[in-house]
Amino acid sequence: MEGPAEFLTRTEILDIFRLAGVGPDAAGKKGAAKDKDKAPAAGSSIPKEVGARVWFKNAEHNEADQDNVEKPFYQAKVLEDKGAKCSLQLWDGEACKEAKFLGVFEAETQHILEWSDMAQAGISDMIEIDELNHATILWNLHQRYFKDDIYTYVGPTLLAVNPFMALDAKYPPSVIEDYKQIMQAEENYLEVMRSLPAHTYAVAAYAHKQLIVTKTRQAIVIAGESGAGKTEAAKLAMAFLTALGSKNVDESKGPLATRILSTNPVLEAFGNSRTARNDNSSRFGKYIKLYFDKEDGLCVGAENKNYLLEKSRVIGCTPVERNYHIFFFILRGAPDATAKRLGMNDAKGARKHYSAFRYLATCNDIRTFKDKDGNEKKESMEARDLKDYAELAAAFVSLGFPQPEIDAIHDVTAAALHCGELVLDPSTFDDGKANTPVSITSTAVV
Ligand SMILES: Nc1ncnc2c1ncn2[C@@H]1O[C@H](COP(=O)(O)OP(=O)(O)OP(=O)(O)O)[C@@H](O)[C@H]1O
Ligand SMILES: [Mg+2]
């Protein structure tokens, strides 16, 4: 939203949830109307008490600039309210490199936002925060993040902050069992959900419960910028919903739950690649439909619709990125006989380096990461490609692909790579006038 309000006001957010029929006020709690009458727009000129703790917005912070290291908000103490301006001092102990904020400084009152002790505590549903503004939302998320609580609700919406590390110890797969209580609850399942730590599993459980209770279709929309964790969140939701149990319509096939989860490595191999922001970036959109038996709630099928694949990536990418994972998986991971058949070996029989292929030559295969001591390290993605190829091969089997089809998929993928080696003679291209194709001047790959 535009303007000094920075964000929706608490009243506006409550109104949205009320209209959606969810959130504390939807249950008929008193106070919403009162709140509406009284709530001032965030950042408006509420008199600031001398000594009050507030947030002030650093006007030099630019959200759109990723290299901007300026903090967006500072904690400060009000020394004097002068109407349009306030004299402030950074709150005790607040570290600040910018000399301009040291000592007493003046800030425009419209850049001063209310402080919240509730956000200080890091509460799990931000709809409860007494002073809801951009700063308190960020601070609440910050407080939780440092306790590895990456999930926080805003009413029915779950915010997930990328942990940039595996949180297996905190959220082992066994916690799925805890969230099954939501479906088992005869009534008040929303309260059961709220009594459990915020998690993607809870959202999936709630959607499933609503499906069974209301007999209406449910949708979980996962949104965020590249690298935010959408794919990981989608996989967690699928893992939960399939762990509730599934039944095979066709008994000759492997367990349905396993097959549904096996679609992920296949889709990621062919549709994900490394970008400047994410080593496993989905270069396509997907719409996953899961079907459940309306009587017993067990999963009975799945459908996956993919759209908007970034096809241009196949013929090249920027120097900080990589082509689709599948080319590297096959080149590095395919068994020797397959690699030989696909022209992945050089004249001496050794596996070719990816730079031997024009479509891969510009790819950047070295990832930079920080080790546990915070030291910057670099490594090739080869070990990961080998592991992921093995997972892909297992997924093909679990999905029931017959061997000739698996071979054909390898053939077509390798053929796409070899197409990059063709050299065309543009002088022979007649734009389809005489219906003659352009001549190929290289013969090595044909
Ligand atoms: N909940 C999580 N637990 C552990 N790691 C995570 C989680 N969410 C994200 N990550 C880490 O962040 C990386 C990027 O996440 P992910 O691929 O899901 O992003 P995305 O939103 O799908 O991005 P894109 O739009 O580029 O596809 C993951 O490979 C993983 O390393
Ligand atoms: Mg993704």
# chains A, B, ... in the order shown; residues from 1 in each chain; ligands from 1

call {"tool": "select_by_dssp", "arguments": {"residues": "region 326-434 of chain A", "states": "strand (DSSP E)", "output": "PyMOL selection string"}}
result
chain A and resi 366-370+376-380+424-425

call {"tool": "residues_near_ligand", "arguments": {"ligand": "ligand 1", "cutoff": "6 Å", "atoms": "only C-alpha atoms and all ligand atoms", "output": "MDAnalysis selection string"}}
result
chainID A and resid 162:166 224:232 278 280:282

call {"tool": "write_last_selection", "arguments": {"atoms": "C-alpha atoms", "output": "CSV table (one decimal), in the first residue's frame"}}
result
chain,number,residue,atom,x,y,z
A,162,ASN,CA,13.6,-19.5,4.8
A,163,PRO,CA,15.8,-21.0,7.5
A,164,PHE,CA,18.7,-21.6,5.0
A,165,MET,CA,19.4,-24.9,6.9
A,166,ALA,CA,17.7,-28.2,7.5
A,224,GLY,CA,6.8,-15.7,-2.4
A,225,GLU,CA,9.8,-14.4,-4.2
A,226,SER,CA,12.4,-16.7,-5.8
A,227,GLY,CA,14.2,-18.7,-3.1
A,228,ALA,CA,11.6,-17.9,-0.4
A,229,GLY,CA,10.8,-21.6,0.1
A,230,LYS,CA,7.6,-22.2,-2.0
A,231,THR,CA,8.8,-25.5,-3.4
A,232,GLU,CA,9.9,-26.8,0.0
A,278,ASN,CA,18.3,-20.2,-5.7
A,280,ASN,CA,17.1,-25.2,-7.1
A,281,SER,CA,14.9,-22.6,-8.7
A,282,SER,CA,11.6,-23.8,-10.3

call {"tool": "residues_around", "arguments": {"residues": "Arg313 (chain A)", "least_positions_apart": "4", "cutoff": "8 Å", "atoms": "only C-alpha atoms", "output": "ChimeraX atom specification"}}
result
/A:317,323-324

call {"tool": "write_last_selection", "arguments": {"atoms": "N, CA and C atoms", "output": "short mmCIF file (atom, residue, chain, number, x, y, z; two decimals), in the first residue's frame"}}
result
data_model
loop_
_atom_site.label_atom_id
_atom_site.label_comp_id
_atom_site.auth_asym_id
_atom_site.auth_seq_id
_atom_site.Cartn_x
_atom_site.Cartn_y
_atom_site.Cartn_z
N CYS A 317 22.08 -19.64 -20.59
CA CYS A 317 21.68 -18.88 -19.40
C CYS A 317 22.80 -17.90 -19.06
N ASN A 323 22.02 -24.41 -16.61
CA ASN A 323 20.92 -24.93 -17.41
C ASN A 323 20.11 -25.89 -16.51
N TYR A 324 19.09 -26.50 -17.06
CA TYR A 324 18.25 -27.41 -16.26
C TYR A 324 19.08 -28.54 -15.64
#

call {"tool": "residues_around", "arguments": {"residues": "region 414-429 of chain A", "least_positions_apart": "5", "cutoff": "10 Å", "atoms": "only C-alpha atoms", "output": "PyMOL selection string"}}
result
chain A and resi 314-316+326-327+330-331+339+341-344+356-360+408-409+434-446

call {"tool": "write_last_selection", "arguments": {"atoms": "C-alpha atoms", "output": "PDB file, in the first residue's frame"}}
result
ATOM      1  CA  VAL A 314      17.651 -24.827 -22.651  1.00  0.00           C
ATOM      2  CA  ILE A 315      19.828 -22.949 -25.138  1.00  0.00           C
ATOM      3  CA  GLY A 316      21.700 -20.829 -22.619  1.00  0.00           C
ATOM      4  CA  ILE A 326      18.576 -32.883 -15.893  1.00  0.00           C
ATOM      5  CA  PHE A 327      21.423 -32.230 -18.342  1.00  0.00           C
ATOM      6  CA  ILE A 330      22.445 -37.453 -17.009  1.00  0.00           C
ATOM      7  CA  LEU A 331      25.906 -36.274 -18.005  1.00  0.00           C
ATOM      8  CA  ALA A 339      26.308 -42.493 -21.156  1.00  0.00           C
ATOM      9  CA  ARG A 341      24.879 -44.640 -25.979  1.00  0.00           C
ATOM     10  CA  LEU A 342      23.974 -40.994 -25.427  1.00  0.00           C
ATOM     11  CA  GLY A 343      27.320 -39.623 -26.634  1.00  0.00           C
ATOM     12  CA  MET A 344      28.310 -38.421 -23.170  1.00  0.00           C
ATOM     13  CA  ALA A 356      32.122 -29.728 -23.986  1.00  0.00           C
ATOM     14  CA  PHE A 357      28.495 -28.939 -24.743  1.00  0.00           C
ATOM     15  CA  ARG A 358      27.674 -25.511 -26.118  1.00  0.00           C
ATOM     16  CA  TYR A 359      24.390 -25.271 -24.201  1.00  0.00           C
ATOM     17  CA  LEU A 360      26.215 -25.944 -20.919  1.00  0.00           C
ATOM     18  CA  ALA A 408      13.483 -42.694 -24.443  1.00  0.00           C
ATOM     19  CA  ILE A 409      13.425 -39.828 -21.922  1.00  0.00           C
ATOM     20  CA  ALA A 434      10.607 -23.145 -50.773  1.00  0.00           C
ATOM     21  CA  ASN A 435       9.958 -25.390 -47.821  1.00  0.00           C
ATOM     22  CA  THR A 436      13.612 -26.375 -47.604  1.00  0.00           C
ATOM     23  CA  PRO A 437      15.275 -26.624 -44.213  1.00  0.00           C
ATOM     24  CA  VAL A 438      18.440 -24.756 -43.426  1.00  0.00           C
ATOM     25  CA  SER A 439      21.667 -26.693 -44.118  1.00  0.00           C
ATOM     26  CA  ILE A 440      23.696 -28.185 -41.292  1.00  0.00           C
ATOM     27  CA  THR A 441      27.403 -27.647 -41.705  1.00  0.00           C
ATOM     28  CA  SER A 442      28.624 -29.722 -38.743  1.00  0.00           C
ATOM     29  CA  THR A 443      28.435 -33.455 -39.001  1.00  0.00           C
ATOM     30  CA  ALA A 444      30.096 -34.617 -35.791  1.00  0.00           C
ATOM     31  CA  VAL A 445      26.849 -35.102 -33.867  1.00  0.00           C
ATOM     32  CA  VAL A 446      24.461 -36.090 -36.637  1.00  0.00           C
TER      33      VAL A 446
END

call {"tool": "residues_around", "arguments": {"residues": "Val266 (chain A)", "least_positions_apart": "4", "cutoff": "12 Å", "atoms": "only C-alpha atoms", "output": "ChimeraX atom specification"}}
result
/A:259-262,270-272,304,324-326,329,388-399,401,406,409

call {"tool": "write_last_selection", "arguments": {"atoms": "N, CA and C atoms", "output": "CSV table (one decimal), in the first residue's frame"}}
result
chain,number,residue,atom,x,y,z
A,259,ARG,N,4.1,-42.8,-4.9
A,259,ARG,CA,4.1,-42.4,-6.3
A,259,ARG,C,3.9,-40.9,-6.4
A,260,ILE,N,3.0,-40.3,-5.6
A,260,ILE,CA,2.7,-38.9,-5.6
A,260,ILE,C,4.0,-38.1,-5.2
A,261,LEU,N,4.7,-38.6,-4.2
A,261,LEU,CA,5.9,-37.9,-3.7
A,261,LEU,C,7.0,-38.0,-4.7
A,262,SER,N,7.0,-39.1,-5.5
A,262,SER,CA,8.0,-39.3,-6.5
A,262,SER,C,7.9,-38.4,-7.7
A,270,PHE,N,13.6,-31.8,-14.4
A,270,PHE,CA,13.4,-31.2,-15.7
A,270,PHE,C,13.0,-29.8,-15.7
A,271,GLY,N,12.5,-29.3,-14.5
A,271,GLY,CA,12.0,-27.9,-14.5
A,271,GLY,C,12.7,-27.0,-13.6
A,272,ASN,N,13.7,-27.5,-12.9
A,272,ASN,CA,14.5,-26.6,-12.0
A,272,ASN,C,15.9,-26.4,-12.4
A,304,ASN,N,-1.1,-33.1,-11.8
A,304,ASN,CA,-0.2,-32.1,-11.7
A,304,ASN,C,-0.2,-31.3,-13.0
A,324,TYR,N,19.1,-26.5,-17.1
A,324,TYR,CA,18.3,-27.4,-16.3
A,324,TYR,C,19.1,-28.5,-15.6
A,325,HIS,N,18.7,-28.9,-14.4
A,325,HIS,CA,19.5,-29.9,-13.7
A,325,HIS,C,19.6,-31.2,-14.5
A,326,ILE,N,18.6,-31.6,-15.2
A,326,ILE,CA,18.6,-32.9,-15.9
A,326,ILE,C,19.8,-33.1,-16.8
A,329,PHE,N,22.5,-34.0,-14.5
A,329,PHE,CA,22.3,-35.3,-13.9
A,329,PHE,C,22.7,-36.5,-14.8
A,388,ASP,N,21.2,-36.7,-6.8
A,388,ASP,CA,19.9,-36.4,-7.3
A,388,ASP,C,19.5,-37.3,-8.5
A,389,TYR,N,20.6,-37.6,-9.3
A,389,TYR,CA,20.3,-38.5,-10.4
A,389,TYR,C,19.8,-39.9,-9.9
A,390,ALA,N,20.4,-40.4,-8.8
A,390,ALA,CA,20.0,-41.6,-8.2
A,390,ALA,C,18.6,-41.5,-7.7
A,391,GLU,N,18.2,-40.4,-7.1
A,391,GLU,CA,16.9,-40.2,-6.6
A,391,GLU,C,15.9,-40.2,-7.8
A,392,LEU,N,16.3,-39.5,-8.9
A,392,LEU,CA,15.4,-39.4,-10.1
A,392,LEU,C,15.2,-40.8,-10.7
A,393,ALA,N,16.3,-41.6,-10.8
A,393,ALA,CA,16.2,-43.0,-11.3
A,393,ALA,C,15.2,-43.8,-10.5
A,394,ALA,N,15.3,-43.7,-9.1
A,394,ALA,CA,14.4,-44.4,-8.3
A,394,ALA,C,12.9,-43.9,-8.4
A,395,ALA,N,12.8,-42.6,-8.6
A,395,ALA,CA,11.4,-42.0,-8.8
A,395,ALA,C,10.8,-42.6,-10.1
A,396,PHE,N,11.6,-42.7,-11.2
A,396,PHE,CA,11.0,-43.2,-12.4
A,396,PHE,C,10.4,-44.6,-12.1
A,397,VAL,N,11.2,-45.4,-11.4
A,397,VAL,CA,10.8,-46.8,-11.1
A,397,VAL,C,9.5,-46.8,-10.3
A,398,SER,N,9.5,-45.9,-9.2
A,398,SER,CA,8.4,-45.9,-8.3
A,398,SER,C,7.1,-45.4,-9.0
A,399,LEU,N,7.3,-44.5,-10.0
A,399,LEU,CA,6.2,-44.0,-10.7
A,399,LEU,C,5.7,-45.0,-11.8
A,401,PHE,N,7.3,-46.1,-14.6
A,401,PHE,CA,7.8,-45.9,-16.0
A,401,PHE,C,8.4,-47.2,-16.5
A,406,ILE,N,11.9,-44.9,-19.9
A,406,ILE,CA,13.0,-44.2,-19.2
A,406,ILE,C,14.1,-44.0,-20.2
A,409,ILE,N,13.3,-41.2,-22.6
A,409,ILE,CA,13.4,-39.8,-21.9
A,409,ILE,C,14.9,-39.4,-21.9

call {"tool": "residues_around", "arguments": {"residues": "Asn140 (chain A)", "least_positions_apart": "4", "cutoff": "10 Å", "atoms": "only C-alpha atoms", "output": "PyMOL selection string"}}
result
chain A and resi 116-126+129+135-136+144-145+152

call {"tool": "closest_residue", "arguments": {"among": "A:Trp115, A:Phe146, A:Phe105, A:Phe328", "to": "Arg384 (chain A)", "atoms": "only C-alpha atoms"}}
result
A:Phe328
